[in-house]
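Enquirer: Below you will find the structure I want to go over with you.
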Amino acid sequence: MLKLKNVKSCFTPNSIQEAIDIHKKSGGKAVFVGGGLDITVFPNPAIEQLIFLDKLGLTYIRDDVGNIKIGATATITDVTKAPVMQNYLKGKVKIALTELASELLRNQITMGGSIARHHFYSDILPVIYALRGKIMVSDGELVEEFFVDDFYRNDLKVLMETHIVVGVHLNKYDDSFQFGSKRFVRNATDIALLNMAILAQIEEDIIKDVSISVGSRPGPAYRFEQGEAFLRGKKLTKELAEDFESFTKSNVDVTKDMHLCKEYRQHIASIYAKEMLLDFIGGVR
Amino acid sequence: MKVCYSVNGKKKEFEIKAGEVLLDVLRRNGYFEVKGNCYMGTCGACTVLIDGLPYTSCTMLAAKVDGSEITTIKGIGTLQKPHPLQKAFVEKGAVQCGFCTPGIILVAYALLKNNPDPTDDDIKKMLDGNLCRCTGYVQQIEAVKLAAKMLKKGDE
């Protein structure tokens with residue numbers, strides 16, 4: 001079964017500049033290939049050229065001052081096995097990434113591909129949103145940095161004509177921060193109907209800072225800012241978790257009524273919101 | 001275009017189309033032990049090892065893995081000298097129609113390479129991407145555990 005019937009040539013450039021030049025010359029008929037999963041699963045007949053990014057040296061995962069720097073072609077498996085990720089936010093980010101898709105697919109999915117494609121079904125984007133990841137893009141000469149929220153305010157079609165996502169930087173958070181994530185699926189390779197992640201800074205039981213992301217299909221992940229405002233400055237208790245459950249149920253935007261009704265999705269989101277807060281308290285259910 | 005792979009230890013050149021996936025190239029060249037089914041990476045029947053890691057060959061662009069070492073189920077054992085995993089799958093009744101079995105064994109092979117003493121949970125998580133519609137999964141887990149024991153005893 002020839003999936004990409006119109007592909008005529010493949011390129012493996014040795015530099016970002018070379019990759020971008022090939023892309024520009026293609027007149028919109030070339031596509032950058034990180035792992036290539038979405039390109040083969042959702043083949044686009046308009047594609048005539050494939051630009052493999054394997055030789056750009058972007059598979060690194062570096063433990064840097066204040067940041068974990070992850071190259072765009074690092075796979076999810078690479079990230080979950082990296083020494084720096086083992087205890088990052090008490091190992092919770094590693095667990096979140098290990099639970100998405102299957103080992104077979106995690107070996108192929110790249111961080112850059114997930115970010116650049118902005119697929120509605122991505123389980124990686126809610127994690128990056130909650131962690132306030134910084135997306136690094138390059139035009140071959142300069143590297144620009146965008147907070148994930150700002151990155152998706154760009155017209156990606158235009159930006160990706162002249163730039164490549166070269167990596168993502170994750171802040172190193174101290175022990176006052178806790179992270180949790182949840183996804184609603186039937187099996188490993190299912191598209192999650194709903195996914196959610198929370199990063200919270202808790203000092204003396206007070207939620208000093210928090211970021212929450214929600215993805216509800218067919219919409220892509222977004223920051224649940226109302227939820228963040230609701231929690232910020234409050235004392236983390238079992239009662240607050242229950243209040244937040246109700247708040248989430250009433251206020252979370254589950255985008256559309258797809259597969260399961262809106263009310264059910266709101267219910268799932270509210271349960272996840274409560275469970276993650278209870279986990280932050282210490283597993284009291 | 002031409003690519004070169006080492007398949008089951010033998011270097012070979014293959015003529016491919018630029019947009020082809022690895023599964024199609026392998027089957028066209030006689031590697032029928034690699035099964036095609038979902039073509040979406042969801043069933044795991046087409047699993048091969050690429051440089052030692054398991055991938056769904058139906059989602060892997062053939063041109064992308066030029067120069068790689070590819071291992072199919074025939075690369076880990078033969079009828080005459082089966083791998084402990086292959087023996088264990090027969091012994092535990094973990095094979096029925098057999099369509100999904102090559103993929104499952106290759107994923108289990110990759111697991112045991114890195115984790116010679118896996119728990120049930122480790123096995124379940126690793127086999128999460130491989131679907132079986134007839135045998136069920138209990139026998140497969142038992143088979144992987146038996147193979148781990150055989151390998152510990154040095155039964156290669």
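By order of appearance in the structure tokens: chains A, B, ..., then residues from 1 within every chain, and ligands from 1 in the order shown.
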Using DSSP on the backbone, list every residue of segment 52-215 of chain A that comes out as alpha helix (DSSP H), and give them as a ChimeraX atom specification.
Expert: /A:76-81,83-86,92-98,103-106,111-117,124-130,148-151,156-162
Enquirer: Please find the residues of chain B near chain A - the criterion being any atom within 6 Å, counting only C-alpha atoms - and write them as a PyMOL selection string.
Expert: chain B and resi 18-20+40+42+54-55+59+128-129
Enquirer: Save the residues we just selected, all heavy atoms, as a tab-separated table (two decimals), in the first residue's frame?
Expert:
chain	number	residue	atom	x	y	z
B	18	ALA	N	10.18	6.58	-3.10
B	18	ALA	CA	10.54	7.57	-2.07
B	18	ALA	C	9.52	7.64	-0.92
B	18	ALA	O	9.88	7.88	0.22
B	18	ALA	CB	10.71	8.94	-2.71
B	19	GLY	N	8.25	7.40	-1.23
B	19	GLY	CA	7.22	7.53	-0.19
B	19	GLY	C	6.79	6.22	0.42
B	19	GLY	O	5.78	6.16	1.12
B	20	GLU	N	7.57	5.16	0.20
B	20	GLU	CA	7.17	3.84	0.72
B	20	GLU	C	7.48	3.67	2.19
B	20	GLU	O	8.45	4.23	2.70
B	20	GLU	CB	7.95	2.75	-0.03
B	20	GLU	CG	7.15	2.09	-1.11
B	20	GLU	CD	7.89	0.91	-1.71
B	20	GLU	OE1	9.08	1.05	-2.05
B	20	GLU	OE2	7.26	-0.13	-1.86
B	40	MET	N	-1.48	1.74	10.46
B	40	MET	CA	-1.60	2.99	11.24
B	40	MET	C	-0.80	2.94	12.53
B	40	MET	O	-0.94	3.81	13.39
B	40	MET	CB	-3.06	3.27	11.58
B	40	MET	CG	-3.90	3.56	10.36
B	40	MET	SD	-5.55	4.02	10.85
B	40	MET	CE	-5.30	5.72	11.34
B	42	THR	N	-1.22	0.89	14.96
B	42	THR	CA	-2.04	0.61	16.15
B	42	THR	C	-2.07	-0.87	16.55
B	42	THR	O	-2.50	-1.17	17.66
B	42	THR	CB	-3.50	1.07	15.94
B	42	THR	OG1	-4.01	0.47	14.76
B	42	THR	CG2	-3.58	2.57	15.82
B	54	PRO	N	12.27	-1.77	18.82
B	54	PRO	CA	11.07	-2.18	18.07
B	54	PRO	C	10.29	-0.99	17.51
B	54	PRO	O	10.08	0.00	18.21
B	54	PRO	CB	10.24	-2.93	19.11
B	54	PRO	CG	10.65	-2.35	20.43
B	54	PRO	CD	12.07	-1.90	20.28
B	55	TYR	N	9.88	-1.12	16.27
B	55	TYR	CA	9.08	-0.09	15.59
B	55	TYR	C	7.98	-0.77	14.79
B	55	TYR	O	8.14	-1.91	14.36
B	55	TYR	CB	9.92	0.71	14.58
B	55	TYR	CG	10.98	1.59	15.16
B	55	TYR	CD1	12.24	1.08	15.48
B	55	TYR	CD2	10.76	2.95	15.37
B	55	TYR	CE1	13.23	1.89	16.01
B	55	TYR	CE2	11.75	3.77	15.89
B	55	TYR	CZ	12.98	3.24	16.20
B	55	TYR	OH	13.96	4.05	16.71
B	59	THR	N	4.61	2.30	9.72
B	59	THR	CA	4.64	3.76	9.86
B	59	THR	C	6.06	4.32	9.66
B	59	THR	O	6.27	5.52	9.84
B	59	THR	CB	4.12	4.21	11.25
B	59	THR	OG1	4.96	3.63	12.25
B	59	THR	CG2	2.68	3.80	11.47
B	128	ASP	N	1.81	-3.32	25.13
B	128	ASP	CA	0.61	-2.49	25.02
B	128	ASP	C	0.24	-2.16	23.58
B	128	ASP	O	-0.93	-1.95	23.27
B	128	ASP	CB	0.88	-1.16	25.77
B	128	ASP	CG	-0.29	-0.77	26.62
B	128	ASP	OD1	-1.29	-1.50	26.62
B	128	ASP	OD2	-0.20	0.28	27.29
B	129	GLY	N	1.22	-2.12	22.70
B	129	GLY	CA	0.95	-1.72	21.31
B	129	GLY	C	0.75	-2.90	20.37
B	129	GLY	O	0.70	-2.71	19.16
Enquirer: With distances taken over only C-alpha atoms, which of B:Thr56, B:Ser68, B:Asn115, B:Gln96 is nearest to Asn130 of chain B?
Expert: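 The shortest atom-to-atom distance to Asn130 of chain B comes from B:Thr56.
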Enquirer: What is the atom CA of Cys134 of chain B to atom CA of Gly98 of chain B distance in Å?
Expert: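 So the answer is 9.0 Å.
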Enquirer: Quote the spacing between atom CA of Gly282 of chain A and atom CA of Ile76 of chain A in Å to one decimal place.
Expert: 28.0 Å
Enquirer: Need to verify the contact set: Glu144 of chain A, 10 Å, only C-alpha atoms, exclusion of same-chain residues closer than 5 positions in sequence. Can you return it as a PyMOL selection string?
Expert: chain A and resi 134-139+163+165-166
Enquirer: Quick check for you: according to DSSP on this backbone, which residues of segment 63-113 of chain A are classed as strand (DSSP E or B)? Reply as a ChimeraX atom specification.
Expert: /A:63-64,67-71,75,110
Enquirer: Restrict the selected residues to N, CA, C and O atoms and save them as a PDB file, in the first residue's frame.
Expert:
ATOM      1  N   ASP A  63      21.225  18.463  30.370  1.00  0.00           N
ATOM      2  CA  ASP A  63      20.951  18.999  31.695  1.00  0.00           C
ATOM      3  C   ASP A  63      21.745  20.296  31.802  1.00  0.00           C
ATOM      4  O   ASP A  63      22.959  20.267  31.986  1.00  0.00           O
ATOM      5  N   ASP A  64      21.059  21.424  31.620  1.00  0.00           N
ATOM      6  CA  ASP A  64      21.759  22.701  31.582  1.00  0.00           C
ATOM      7  C   ASP A  64      21.384  23.531  32.815  1.00  0.00           C
ATOM      8  O   ASP A  64      20.488  23.165  33.564  1.00  0.00           O
ATOM      9  N   ASN A  67      17.664  24.714  33.031  1.00  0.00           N
ATOM     10  CA  ASN A  67      16.820  24.140  31.979  1.00  0.00           C
ATOM     11  C   ASN A  67      17.198  22.716  31.638  1.00  0.00           C
ATOM     12  O   ASN A  67      18.364  22.338  31.743  1.00  0.00           O
ATOM     13  N   ILE A  68      16.213  21.980  31.151  1.00  0.00           N
ATOM     14  CA  ILE A  68      16.500  20.729  30.457  1.00  0.00           C
ATOM     15  C   ILE A  68      16.270  21.040  28.984  1.00  0.00           C
ATOM     16  O   ILE A  68      15.186  21.503  28.603  1.00  0.00           O
ATOM     17  N   LYS A  69      17.284  20.822  28.177  1.00  0.00           N
ATOM     18  CA  LYS A  69      17.190  21.166  26.762  1.00  0.00           C
ATOM     19  C   LYS A  69      17.016  19.887  25.944  1.00  0.00           C
ATOM     20  O   LYS A  69      17.863  18.993  26.006  1.00  0.00           O
ATOM     21  N   ILE A  70      15.916  19.840  25.229  1.00  0.00           N
ATOM     22  CA  ILE A  70      15.597  18.628  24.461  1.00  0.00           C
ATOM     23  C   ILE A  70      15.577  18.973  22.974  1.00  0.00           C
ATOM     24  O   ILE A  70      14.844  19.873  22.548  1.00  0.00           O
ATOM     25  N   GLY A  71      16.373  18.269  22.188  1.00  0.00           N
ATOM     26  CA  GLY A  71      16.420  18.498  20.743  1.00  0.00           C
ATOM     27  C   GLY A  71      15.160  17.995  20.065  1.00  0.00           C
ATOM     28  O   GLY A  71      14.495  17.066  20.551  1.00  0.00           O
ATOM     29  N   THR A  75      13.351  11.316  20.535  1.00  0.00           N
ATOM     30  CA  THR A  75      12.055  10.633  20.598  1.00  0.00           C
ATOM     31  C   THR A  75      11.536  10.634  22.039  1.00  0.00           C
ATOM     32  O   THR A  75      12.285  10.941  22.976  1.00  0.00           O
ATOM     33  N   THR A 110       8.689  12.108  17.793  1.00  0.00           N
ATOM     34  CA  THR A 110       9.713  13.058  18.243  1.00  0.00           C
ATOM     35  C   THR A 110       9.059  14.262  18.925  1.00  0.00           C
ATOM     36  O   THR A 110       7.900  14.590  18.647  1.00  0.00           O
TER      37      THR A 110
END
Enquirer: Could you check how far atom CA of Phe146 of chain A sits from atom CA of Ile212 of chain A, in Å to one decimal?
Expert: 18.3 Å
Enquirer: Excluding Lys10 of chain B and any residue of its chain fewer than 3 positions from it, enumerate the residues within 12 Å of it, using only C-alpha atoms, and give them as a list of chain:residue names.
Expert: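 Counting only the stated atoms, we get B:Cys4, B:Tyr5, B:Ser6, B:Val7, B:Glu13, B:Gly67, B:Ser68, B:Glu69, B:Ile70, B:Thr71, B:Thr72, B:Gly75.
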Enquirer: What does the file look like for those residues with N, CA and C atoms, as a PDB file, in the first residue's frame?
Expert:
ATOM      1  N   CYS B   4      20.161   0.728   1.471  1.00  0.00           N
ATOM      2  CA  CYS B   4      20.875  -0.476   1.897  1.00  0.00           C
ATOM      3  C   CYS B   4      20.529  -0.765   3.354  1.00  0.00           C
ATOM      4  N   TYR B   5      20.066  -1.953   3.615  1.00  0.00           N
ATOM      5  CA  TYR B   5      19.823  -2.380   4.999  1.00  0.00           C
ATOM      6  C   TYR B   5      20.605  -3.657   5.251  1.00  0.00           C
ATOM      7  N   SER B   6      20.880  -3.892   6.526  1.00  0.00           N
ATOM      8  CA  SER B   6      21.324  -5.218   6.921  1.00  0.00           C
ATOM      9  C   SER B   6      20.083  -5.894   7.499  1.00  0.00           C
ATOM     10  N   VAL B   7      19.569  -6.906   6.805  1.00  0.00           N
ATOM     11  CA  VAL B   7      18.362  -7.586   7.304  1.00  0.00           C
ATOM     12  C   VAL B   7      18.768  -8.948   7.862  1.00  0.00           C
ATOM     13  N   GLU B  13      20.840  -4.523  -0.833  1.00  0.00           N
ATOM     14  CA  GLU B  13      20.400  -3.262  -1.435  1.00  0.00           C
ATOM     15  C   GLU B  13      18.953  -3.447  -1.900  1.00  0.00           C
ATOM     16  N   GLY B  67      20.577   2.328   5.716  1.00  0.00           N
ATOM     17  CA  GLY B  67      21.813   2.050   6.464  1.00  0.00           C
ATOM     18  C   GLY B  67      21.594   1.349   7.790  1.00  0.00           C
ATOM     19  N   SER B  68      20.341   1.068   8.124  1.00  0.00           N
ATOM     20  CA  SER B  68      20.052   0.483   9.442  1.00  0.00           C
ATOM     21  C   SER B  68      20.136  -1.038   9.447  1.00  0.00           C
ATOM     22  N   GLU B  69      20.216  -1.561  10.669  1.00  0.00           N
ATOM     23  CA  GLU B  69      20.141  -3.020  10.861  1.00  0.00           C
ATOM     24  C   GLU B  69      18.709  -3.366  11.198  1.00  0.00           C
ATOM     25  N   ILE B  70      18.126  -4.230  10.383  1.00  0.00           N
ATOM     26  CA  ILE B  70      16.728  -4.603  10.592  1.00  0.00           C
ATOM     27  C   ILE B  70      16.658  -6.072  10.978  1.00  0.00           C
ATOM     28  N   THR B  71      15.865  -6.335  12.010  1.00  0.00           N
ATOM     29  CA  THR B  71      15.703  -7.719  12.460  1.00  0.00           C
ATOM     30  C   THR B  71      14.241  -8.088  12.399  1.00  0.00           C
ATOM     31  N   THR B  72      13.938  -9.169  11.694  1.00  0.00           N
ATOM     32  CA  THR B  72      12.577  -9.704  11.681  1.00  0.00           C
ATOM     33  C   THR B  72      12.562 -10.914  12.609  1.00  0.00           C
ATOM     34  N   GLY B  75      15.170 -13.412  12.277  1.00  0.00           N
ATOM     35  CA  GLY B  75      16.524 -13.036  12.666  1.00  0.00           C
ATOM     36  C   GLY B  75      16.864 -13.411  14.093  1.00  0.00           C
TER      37      GLY B  75
END
Enquirer: Which one is closest to Arg27 of chain B: B:Leu151, B:Val3, B:Cys58, B:Ala88? Count only C-alpha atoms.
Expert: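 For Arg27 of chain B, the nearest of the given residues is B:Cys58.
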Enquirer: Quick one: of B:Ile16, B:Cys132, B:Ala62, B:Leu112, who's nearest to Pro84 of chain B, counting only C-alpha atoms?
Expert: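 Closest candidate: B:Leu112.
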Enquirer: Do a neighbour search on Phe247 of chain A at 12 Å with only C-alpha atoms, toss out local chain neighbours closer than 6 positions, and write the hits as a ChimeraX atom specification.
Expert: /A:224,226-231,240-241,253,266-267,269-271,273-274
Enquirer: Which one is closest to Gly136 of chain B: B:Gly93, B:Gly30, B:Gly36, B:Pro116? Count only C-alpha atoms.
Expert: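 Ranking B:Gly93, B:Gly30, B:Gly36, B:Pro116 by distance to Gly136 of chain B, first place goes to B:Gly93.
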Enquirer: Calculated over only C-alpha atoms, which of the candidates B:Lys113, B:Lys64, B:Arg133, B:Lys17 has the smallest distance to Ala147 of chain B?
Expert: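 Result for the nearest residue to Ala147 of chain B: B:Lys113.
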